[in-house]
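Participant: Right, I'll just put the structure down here and ask away after.
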Amino acid sequence: MIAVARGAAFILLLTSRRSTSSERGTWRSPPLRIAYRIHRPSLLPNPHPQPAPLIVVHGGPSLPSEYLTPLAECRHLQNRAIILYDQLGCGWSSIPRQDEWYSVEHMGEDLGELIRHLGESWKMDRFHLLGHSLGGAIGYEYLKRQIEKGGERSGEGSVLQCLSLILSNASTNFQLSSSEQMRMFQEFQLQHFQTAMPTKKEQRQRPPSIRDQFFHTHICRTPDKPAELESALTRRGKEWSANDYALSPLDAGAMKLAEADGHFPPVLLIRGQHDFVTKECTSGWKDVLALPSEDGPVFKDIVLEDCAHYPHFEQPDTYSHEINKFCTMAERDEQ
């Protein structure tokens with residue numbers, strides 16, 4: 001089953017991804033496409049004081065963005081445009097075969113090109129950035145690069161300002177989060193084997209497998225697997241690993257720039273109480289991003305109860321409320 005995506009669909013042809021190099025040599029490719037979708041495009045462009053759009057970066061690797069489409073329908077986010085896109089390697093975007101095209105840093109560069117395109121084509125000059133799971137690292141790498149080069153501008157020269165960064169269920173180290181998921185599964189499995197043997201009636205009813213039970217406990221705690229998530233998992237794209245990625249701080253020069261001029265936006269970190277992306281996987285964000293500010297704290301950490309890895313399905317009202325509240329605060333502080 002393929003979930004029906006809503007919103008207006010568009011295609012961006014990447015200009016920065018025309019050649020790549022490896023030990024096998026250098027080659028050029030035809031223009032690669034990035035497919036994106038704007039929910040409530042009538043809210044763009046977004047002059048002050050209208051709520052700024054929310055650009056959402058999906059996880060994976062290569063999990064199509066369709067699993068995030070329900071976020072656009074959350075009632076607390078109805079006042080702003082929501083922009084989703086498929087990264088290279090999945091969904092309606094190009095899926096190049098070469099492994100060299102795929103890395104967190106490359107995906108951050110693609111995000112930058114999309115944002116510049118939105119600035120030029122949709123006159124967007126301010127936005128919020130939400131990265132879910134792997135998307136958190138991609139969003140951070142984009143912002144890190146922009147700070148290090150002195151800010152983001154569209155092709156027309158106008159400043160493109162990220163008002164806030166929302167890191168949702170996002171690990172700083174993917175080898176660690178993979179290890180944490182394996183550890184939690186082994187503990188879950190052991191606990192299951194130590195419980196009393198099921199009765200004959202329970203055996204006839206064919207209880208869910210251990211993997212299914214783990215999924216509904218530590219991945220998505222909804223009674224049934226959401227259709228959009230099921231579809232995205234079925235349509236997962238190019239296989240590549242982000243396990244070599246680990247969060248690295250801004251260099252010294254960029255750090256001074258971020259602290260002095262406020263180039264790095266306020267940060268909201270959200271994770272689920274039962275998420276396999278545990279506190280140990282997310283604690284590094286505060287070490288890197290809780291930058292000093294004369295206006296008070298710019299880093300907020302929230303743990304959502306009865307949630308695992310997909311809070312927009314598990315607690316959509318609370319999740320969207322916290323996101324919109326943080327975005328509104330950032331917009332107010334901008335004025």
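Chain labels A, B, ... are given in the sequence in which chains occur in the structure tokens; within each chain residues are numbered consecutively from 1, and ligands are likewise numbered from 1 in the order shown.
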Identify all residues of segment 115-255 of chain A in strand (DSSP E) (DSSP on the backbone) and supply them as a short mmCIF file (atom, residue, chain, number, x, y, z; two decimals) with C-alpha atoms, in the first residue's frame.

Facilitator:
data_model
loop_
_atom_site.label_atom_id
_atom_site.label_comp_id
_atom_site.auth_asym_id
_atom_site.auth_seq_id
_atom_site.Cartn_x
_atom_site.Cartn_y
_atom_site.Cartn_z
CA ARG A 126 13.17 32.80 6.93
CA PHE A 127 12.35 29.27 7.99
CA HIS A 128 12.48 26.69 10.76
CA LEU A 129 14.32 23.39 10.30
CA LEU A 130 13.12 20.10 11.79
CA GLY A 131 15.31 17.02 11.42
CA HIS A 132 13.81 13.68 12.39
CA GLN A 161 17.64 32.94 8.03
CA CYS A 162 17.05 29.73 9.95
CA LEU A 163 15.02 30.80 12.99
CA SER A 164 15.21 27.51 14.92
CA LEU A 165 16.57 23.98 14.71
CA ILE A 166 14.39 21.14 16.01
CA LEU A 167 16.18 17.84 16.56
CA SER A 168 13.58 15.10 16.85
#

Participant: Restrict the calculation to only C-alpha atoms, then for each residue of segment 220-282 of chain A with any atom at most 10 Å from an atom of segment 101-116 of chain A give the closest atom pair and their distance in Å to one decimal, rows by chain and rising residue number, as JSON lines.

Facilitator:
{"residue": "A:Lys238", "atom": "CA", "partner": "A:Tyr102", "partner_atom": "CA", "distance": 9.1}
{"residue": "A:Glu239", "atom": "CA", "partner": "A:Tyr102", "partner_atom": "CA", "distance": 9.3}
{"residue": "A:Trp240", "atom": "CA", "partner": "A:Tyr102", "partner_atom": "CA", "distance": 6.9}
{"residue": "A:Ser241", "atom": "CA", "partner": "A:Ser103", "partner_atom": "CA", "distance": 8.0}
{"residue": "A:Ala242", "atom": "CA", "partner": "A:Ser103", "partner_atom": "CA", "distance": 6.7}
{"residue": "A:Asn243", "atom": "CA", "partner": "A:Ser103", "partner_atom": "CA", "distance": 10.0}
{"residue": "A:Asp244", "atom": "CA", "partner": "A:Ser103", "partner_atom": "CA", "distance": 9.1}
{"residue": "A:Tyr245", "atom": "CA", "partner": "A:Val104", "partner_atom": "CA", "distance": 7.2}
{"residue": "A:Ala246", "atom": "CA", "partner": "A:Val104", "partner_atom": "CA", "distance": 9.9}

Participant: Output the selection as a PDB file, in the first residue's frame - N, CA and C atoms for each residue.

Facilitator:
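In the end it all went to result.pdb:
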ATOM      1  N   LYS A 238      17.854   3.438  -1.657  1.00  0.00           N
ATOM      2  CA  LYS A 238      19.246   2.984  -1.748  1.00  0.00           C
ATOM      3  C   LYS A 238      19.797   2.643  -0.363  1.00  0.00           C
ATOM      4  N   GLU A 239      20.429   1.501  -0.241  1.00  0.00           N
ATOM      5  CA  GLU A 239      21.045   1.105   1.027  1.00  0.00           C
ATOM      6  C   GLU A 239      22.394   1.791   1.190  1.00  0.00           C
ATOM      7  N   TRP A 240      22.522   2.545   2.259  1.00  0.00           N
ATOM      8  CA  TRP A 240      23.821   3.100   2.633  1.00  0.00           C
ATOM      9  C   TRP A 240      23.827   3.288   4.145  1.00  0.00           C
ATOM     10  N   SER A 241      24.997   3.365   4.725  1.00  0.00           N
ATOM     11  CA  SER A 241      25.115   3.412   6.173  1.00  0.00           C
ATOM     12  C   SER A 241      25.615   4.773   6.638  1.00  0.00           C
ATOM     13  N   ALA A 242      25.016   5.258   7.731  1.00  0.00           N
ATOM     14  CA  ALA A 242      25.489   6.489   8.373  1.00  0.00           C
ATOM     15  C   ALA A 242      26.258   6.171   9.653  1.00  0.00           C
ATOM     16  N   ASN A 243      26.633   4.918   9.841  1.00  0.00           N
ATOM     17  CA  ASN A 243      27.280   4.516  11.091  1.00  0.00           C
ATOM     18  C   ASN A 243      28.670   5.116  11.279  1.00  0.00           C
ATOM     19  N   ASP A 244      29.237   5.682  10.210  1.00  0.00           N
ATOM     20  CA  ASP A 244      30.533   6.335  10.373  1.00  0.00           C
ATOM     21  C   ASP A 244      30.386   7.798  10.799  1.00  0.00           C
ATOM     22  N   TYR A 245      29.139   8.260  10.941  1.00  0.00           N
ATOM     23  CA  TYR A 245      28.921   9.661  11.325  1.00  0.00           C
ATOM     24  C   TYR A 245      28.913   9.798  12.844  1.00  0.00           C
ATOM     25  N   ALA A 246      29.629  10.809  13.316  1.00  0.00           N
ATOM     26  CA  ALA A 246      29.580  11.202  14.719  1.00  0.00           C
ATOM     27  C   ALA A 246      29.633  12.721  14.775  1.00  0.00           C
TER      28      ALA A 246
END

Participant: I'd like the neighbourhood of Leu63 of chain A as a list in words, where a residue qualifies if any of its atoms comes within 9 Å (using only C-alpha atoms), though same-chain residues fewer than 4 positions away should be ignored.

Facilitator: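 After dropping sequence-adjacent residues, the list is His58, Gly59, Tyr67, Asp86, Gln87, Gly89, Cys90, Gly91, Ala232, Leu233, Arg235, Arg236 and Gly237 of chain A.
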
Participant: Now that the selection is made, can you save its residues with all heavy atoms as a JSON list (two decimals), in the first residue's frame?

Facilitator:
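Saved the output as part_1.json:
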[["chain", "number", "residue", "atom", "x", "y", "z"],
["A", 58, "HIS", "N", 13.75, 14.22, 6.59],
["A", 58, "HIS", "CA", 13.39, 12.87, 7.01],
["A", 58, "HIS", "C", 14.61, 12.06, 7.43],
["A", 58, "HIS", "O", 15.76, 12.42, 7.19],
["A", 58, "HIS", "CB", 12.60, 12.15, 5.92],
["A", 58, "HIS", "CG", 13.39, 11.84, 4.67],
["A", 58, "HIS", "ND1", 14.27, 10.78, 4.59],
["A", 58, "HIS", "CD2", 13.41, 12.43, 3.45],
["A", 58, "HIS", "CE1", 14.78, 10.73, 3.37],
["A", 58, "HIS", "NE2", 14.30, 11.73, 2.66],
["A", 59, "GLY", "N", 14.34, 10.92, 8.06],
["A", 59, "GLY", "CA", 15.39, 10.03, 8.52],
["A", 59, "GLY", "C", 15.67, 8.91, 7.54],
["A", 59, "GLY", "O", 15.36, 8.99, 6.36],
["A", 67, "TYR", "N", 6.35, 9.23, 5.31],
["A", 67, "TYR", "CA", 5.98, 8.88, 6.68],
["A", 67, "TYR", "C", 5.80, 10.11, 7.56],
["A", 67, "TYR", "O", 5.21, 10.03, 8.64],
["A", 67, "TYR", "CB", 7.01, 7.92, 7.30],
["A", 67, "TYR", "CG", 8.29, 8.55, 7.80],
["A", 67, "TYR", "CD1", 8.41, 8.96, 9.13],
["A", 67, "TYR", "CD2", 9.38, 8.74, 6.95],
["A", 67, "TYR", "CE1", 9.60, 9.53, 9.60],
["A", 67, "TYR", "CE2", 10.55, 9.30, 7.41],
["A", 67, "TYR", "CZ", 10.66, 9.70, 8.73],
["A", 67, "TYR", "OH", 11.82, 10.26, 9.20],
["A", 86, "ASP", "N", 12.26, 14.46, -0.50],
["A", 86, "ASP", "CA", 12.94, 13.16, -0.50],
["A", 86, "ASP", "C", 14.42, 13.38, -0.80],
["A", 86, "ASP", "O", 14.77, 14.01, -1.81],
["A", 86, "ASP", "CB", 12.34, 12.24, -1.57],
["A", 86, "ASP", "CG", 10.94, 11.76, -1.22],
["A", 86, "ASP", "OD1", 10.65, 11.62, -0.03],
["A", 86, "ASP", "OD2", 10.14, 11.54, -2.16],
["A", 87, "GLN", "N", 15.27, 12.88, 0.08],
["A", 87, "GLN", "CA", 16.70, 12.97, -0.17],
["A", 87, "GLN", "C", 17.08, 12.09, -1.35],
["A", 87, "GLN", "O", 16.33, 11.19, -1.75],
["A", 87, "GLN", "CB", 17.47, 12.52, 1.09],
["A", 87, "GLN", "CG", 17.25, 13.41, 2.30],
["A", 87, "GLN", "CD", 17.47, 12.69, 3.61],
["A", 87, "GLN", "OE1", 18.15, 11.67, 3.67],
["A", 87, "GLN", "NE2", 16.86, 13.19, 4.68],
["A", 89, "GLY", "N", 18.30, 9.15, -3.34],
["A", 89, "GLY", "CA", 18.35, 7.74, -2.99],
["A", 89, "GLY", "C", 17.02, 7.14, -2.59],
["A", 89, "GLY", "O", 16.94, 5.94, -2.32],
["A", 90, "CYS", "N", 15.96, 7.96, -2.56],
["A", 90, "CYS", "CA", 14.67, 7.40, -2.14],
["A", 90, "CYS", "C", 13.50, 8.23, -2.66],
["A", 90, "CYS", "O", 13.68, 9.35, -3.15],
["A", 90, "CYS", "CB", 14.59, 7.29, -0.61],
["A", 90, "CYS", "SG", 14.52, 8.86, 0.25],
["A", 91, "GLY", "N", 12.32, 7.66, -2.50],
["A", 91, "GLY", "CA", 11.09, 8.36, -2.86],
["A", 91, "GLY", "C", 11.06, 8.73, -4.33],
["A", 91, "GLY", "O", 11.42, 7.95, -5.21],
["A", 232, "ALA", "N", 6.40, 3.74, 3.71],
["A", 232, "ALA", "CA", 7.78, 4.23, 3.61],
["A", 232, "ALA", "C", 8.78, 3.11, 3.86],
["A", 232, "ALA", "O", 9.79, 3.00, 3.15],
["A", 232, "ALA", "CB", 7.99, 5.38, 4.59],
["A", 233, "LEU", "N", 8.52, 2.27, 4.85],
["A", 233, "LEU", "CA", 9.43, 1.16, 5.15],
["A", 233, "LEU", "C", 9.48, 0.18, 3.99],
["A", 233, "LEU", "O", 10.53, -0.39, 3.68],
["A", 233, "LEU", "CB", 8.99, 0.45, 6.42],
["A", 233, "LEU", "CG", 9.16, 1.25, 7.73],
["A", 233, "LEU", "CD1", 8.45, 0.55, 8.89],
["A", 233, "LEU", "CD2", 10.65, 1.43, 8.05],
["A", 235, "ARG", "N", 9.02, 0.99, 0.86],
["A", 235, "ARG", "CA", 9.63, 1.65, -0.30],
["A", 235, "ARG", "C", 11.01, 2.24, 0.02],
["A", 235, "ARG", "O", 11.46, 3.14, -0.68],
["A", 235, "ARG", "CB", 8.69, 2.74, -0.80],
["A", 235, "ARG", "CG", 7.33, 2.23, -1.25],
["A", 235, "ARG", "CD", 6.42, 3.37, -1.66],
["A", 235, "ARG", "NE", 6.98, 4.13, -2.75],
["A", 235, "ARG", "CZ", 7.24, 5.43, -2.69],
["A", 235, "ARG", "NH1", 6.99, 6.13, -1.60],
["A", 235, "ARG", "NH2", 7.74, 6.07, -3.73],
["A", 236, "ARG", "N", 11.64, 1.75, 1.07],
["A", 236, "ARG", "CA", 12.98, 2.27, 1.42],
["A", 236, "ARG", "C", 13.89, 2.18, 0.20],
["A", 236, "ARG", "O", 13.86, 1.20, -0.55],
["A", 236, "ARG", "CB", 13.56, 1.45, 2.57],
["A", 236, "ARG", "CG", 14.87, 2.01, 3.13],
["A", 236, "ARG", "CD", 15.44, 1.09, 4.17],
["A", 236, "ARG", "NE", 14.70, 1.10, 5.42],
["A", 236, "ARG", "CZ", 14.94, 1.95, 6.42],
["A", 236, "ARG", "NH1", 15.88, 2.87, 6.30],
["A", 236, "ARG", "NH2", 14.24, 1.88, 7.53],
["A", 237, "GLY", "N", 14.71, 3.21, 0.00],
["A", 237, "GLY", "CA", 15.50, 3.31, -1.21],
["A", 237, "GLY", "C", 16.89, 2.71, -1.11],
["A", 237, "GLY", "O", 17.09, 1.64, -0.54]]

Participant: Would you compute the distance between atom CA of Gly139 of chain A and atom CA of His117 of chain A? Give it in Å to one decimal.

Facilitator: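 It comes out at 16.3 Å.
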
Participant: Distance atom CA of Pro226 of chain A-atom CA of Phe193 of chain A, one decimal place?

Facilitator: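 Separation between atom CA of Pro226 of chain A and atom CA of Phe193 of chain A: 28.1 Å.
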
Participant: Report the residues of segment 266-313 of chain A whose backbone DSSP state falls under alpha helix (DSSP H), written as a list in words.

Facilitator: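 Residues meeting the alpha helix (DSSP H) criterion: Lys279, Glu280, Cys281, Thr282, Ser283, Gly284, Trp285, Lys286, Asp287, Val288, Leu289, Pro311, His312 and Phe313 of chain A.
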
Participant: Would you mind exporting all heavy atoms of the selected residues as a compact mmCIF listing (two decimals), in the first residue's frame?

Facilitator:
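See selection04.txt below for the written result:
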# COMPACT_ATOMS: atom_id res chain seq x y z
N LYS A 279 18.95 8.58 25.85
CA LYS A 279 19.58 9.80 26.34
C LYS A 279 21.07 9.80 26.03
O LYS A 279 21.66 10.85 25.71
CB LYS A 279 19.35 9.93 27.84
CG LYS A 279 19.92 11.19 28.46
CD LYS A 279 19.62 11.26 29.94
CE LYS A 279 20.20 12.53 30.56
NZ LYS A 279 19.90 12.61 32.03
N GLU A 280 21.71 8.65 26.12
CA GLU A 280 23.14 8.55 25.81
C GLU A 280 23.41 8.92 24.35
O GLU A 280 24.50 9.42 24.03
CB GLU A 280 23.65 7.13 26.09
CG GLU A 280 23.74 6.77 27.56
CD GLU A 280 22.39 6.57 28.23
OE1 GLU A 280 21.40 6.29 27.52
OE2 GLU A 280 22.32 6.71 29.47
N CYS A 281 22.45 8.66 23.48
CA CYS A 281 22.62 8.96 22.05
C CYS A 281 22.41 10.43 21.73
O CYS A 281 22.84 10.91 20.67
CB CYS A 281 21.65 8.14 21.22
SG CYS A 281 21.84 6.36 21.36
N THR A 282 21.71 11.16 22.60
CA THR A 282 21.35 12.55 22.29
C THR A 282 22.06 13.58 23.17
O THR A 282 22.00 14.77 22.88
CB THR A 282 19.83 12.75 22.45
OG1 THR A 282 19.45 12.48 23.81
CG2 THR A 282 19.05 11.83 21.52
N SER A 283 22.72 13.13 24.25
CA SER A 283 23.29 14.09 25.20
C SER A 283 24.36 14.97 24.57
O SER A 283 24.59 16.10 25.02
CB SER A 283 23.86 13.35 26.41
OG SER A 283 24.86 12.42 26.02
N GLY A 284 25.03 14.48 23.53
CA GLY A 284 26.08 15.26 22.90
C GLY A 284 25.60 16.54 22.24
O GLY A 284 26.39 17.48 22.05
N TRP A 285 24.31 16.60 21.87
CA TRP A 285 23.79 17.81 21.23
C TRP A 285 23.95 19.02 22.16
O TRP A 285 24.35 20.10 21.71
CB TRP A 285 22.32 17.64 20.87
CG TRP A 285 22.03 16.71 19.74
CD1 TRP A 285 21.34 15.53 19.80
CD2 TRP A 285 22.42 16.86 18.37
NE1 TRP A 285 21.28 14.94 18.56
CE2 TRP A 285 21.93 15.75 17.66
CE3 TRP A 285 23.13 17.83 17.68
CZ2 TRP A 285 22.13 15.58 16.29
CZ3 TRP A 285 23.33 17.68 16.30
CH2 TRP A 285 22.84 16.56 15.63
N LYS A 286 23.65 18.83 23.43
CA LYS A 286 23.74 19.95 24.36
C LYS A 286 25.18 20.41 24.51
O LYS A 286 25.45 21.62 24.62
CB LYS A 286 23.16 19.56 25.71
CG LYS A 286 23.05 20.73 26.68
CD LYS A 286 22.30 20.34 27.95
CE LYS A 286 22.14 21.55 28.86
NZ LYS A 286 21.37 21.19 30.09
N ASP A 287 26.12 19.48 24.54
CA ASP A 287 27.52 19.85 24.67
C ASP A 287 27.98 20.75 23.53
O ASP A 287 28.80 21.65 23.72
CB ASP A 287 28.40 18.59 24.71
CG ASP A 287 28.10 17.71 25.91
OD1 ASP A 287 27.60 18.23 26.92
OD2 ASP A 287 28.34 16.49 25.82
N VAL A 288 27.44 20.52 22.34
CA VAL A 288 27.89 21.25 21.15
C VAL A 288 27.04 22.50 20.89
O VAL A 288 27.56 23.53 20.46
CB VAL A 288 27.85 20.32 19.92
CG1 VAL A 288 28.09 21.10 18.63
CG2 VAL A 288 28.88 19.22 20.07
N LEU A 289 25.74 22.43 21.18
CA LEU A 289 24.82 23.47 20.71
C LEU A 289 24.28 24.39 21.80
O LEU A 289 23.60 25.37 21.47
CB LEU A 289 23.63 22.81 20.00
CG LEU A 289 24.00 22.02 18.74
CD1 LEU A 289 22.75 21.41 18.13
CD2 LEU A 289 24.69 22.92 17.73
N PRO A 311 7.00 10.32 17.30
CA PRO A 311 6.01 11.03 18.12
C PRO A 311 4.89 11.70 17.33
O PRO A 311 3.83 11.95 17.88
CB PRO A 311 6.85 12.07 18.88
CG PRO A 311 8.11 12.21 18.09
CD PRO A 311 8.35 10.87 17.47
N HIS A 312 5.10 11.97 16.04
CA HIS A 312 4.02 12.59 15.26
C HIS A 312 2.89 11.60 15.01
O HIS A 312 1.78 12.02 14.66
CB HIS A 312 4.55 13.17 13.95
CG HIS A 312 5.08 12.16 12.99
ND1 HIS A 312 6.23 11.45 13.19
CD2 HIS A 312 4.59 11.74 11.79
CE1 HIS A 312 6.45 10.65 12.17
NE2 HIS A 312 5.46 10.79 11.30
N PHE A 313 3.15 10.30 15.20
CA PHE A 313 2.08 9.31 15.18
C PHE A 313 1.59 9.00 16.60
O PHE A 313 0.39 8.78 16.81
CB PHE A 313 2.58 7.99 14.56
CG PHE A 313 2.82 8.04 13.08
CD1 PHE A 313 4.08 7.74 12.56
CD2 PHE A 313 1.80 8.37 12.20
CE1 PHE A 313 4.32 7.77 11.20
CE2 PHE A 313 2.02 8.42 10.83
CZ PHE A 313 3.28 8.12 10.33

Participant: Need the shell around Arg33 of chain A: protein/DNA/RNA residues with any atom at most 12 Å away, counting only C-alpha atoms. Skip same-chain ones fewer than 2 positions apart. Format as a list in words?

Facilitator: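 What passes the distance filter is Phe10, Ile11, Leu12, Leu13, Leu14, Thr15, Ser16, Arg17, Arg18, Ser29, Pro30, Pro31, Ala35, Tyr36, Tyr85, Asp86, Gln87, Leu88, Gly89, Cys90, Gly91, Trp92, Ser93, Ser94, Ile95, Pro96, Asp110, Glu113 and Leu114 of chain A.
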
Participant: Please list as a list in words every residue within 12 Å of Cys74 of chain A, counting only C-alpha atoms and excluding residues in the same chain fewer than 4 positions away.

Facilitator: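 Contacts, with the query itself left out: His39, Leu68, Thr69, Pro70, Gln78, Asn79, Arg80, Ala81, Ile82, Pro311, His312, Phe313, Gln315, Pro316, Asp317, Thr318, Tyr319, Ser320, His321, Glu322, Ile323 and Asn324 of chain A.
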
Participant: If we count only C-alpha atoms, what is near His274 of chain A at a cut-off of 12 Å, once residues fewer than 2 positions away on the same chain are taken out, given as number ranges by chain?

Facilitator: A: 169, 180-181, 184, 214-221, 271-272, 276-279, 303-311, 314

Participant: Rounded to one decimal place, report the atom CA of Thr172 of chain A-atom CA of Glu141 of chain A distance in Å.

Facilitator: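 Spanning atom CA of Thr172 of chain A to atom CA of Glu141 of chain A is a straight-line distance of 11.4 Å.
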
Participant: Which residue, A:Ile38, A:Leu118, A:Leu44, A:Ala9, has the smallest gap to Ala72 of chain A when you use only C-alpha atoms?

Facilitator: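 Once distances to Ala72 of chain A are computed over only C-alpha atoms, the minimum belongs to A:Ile38.
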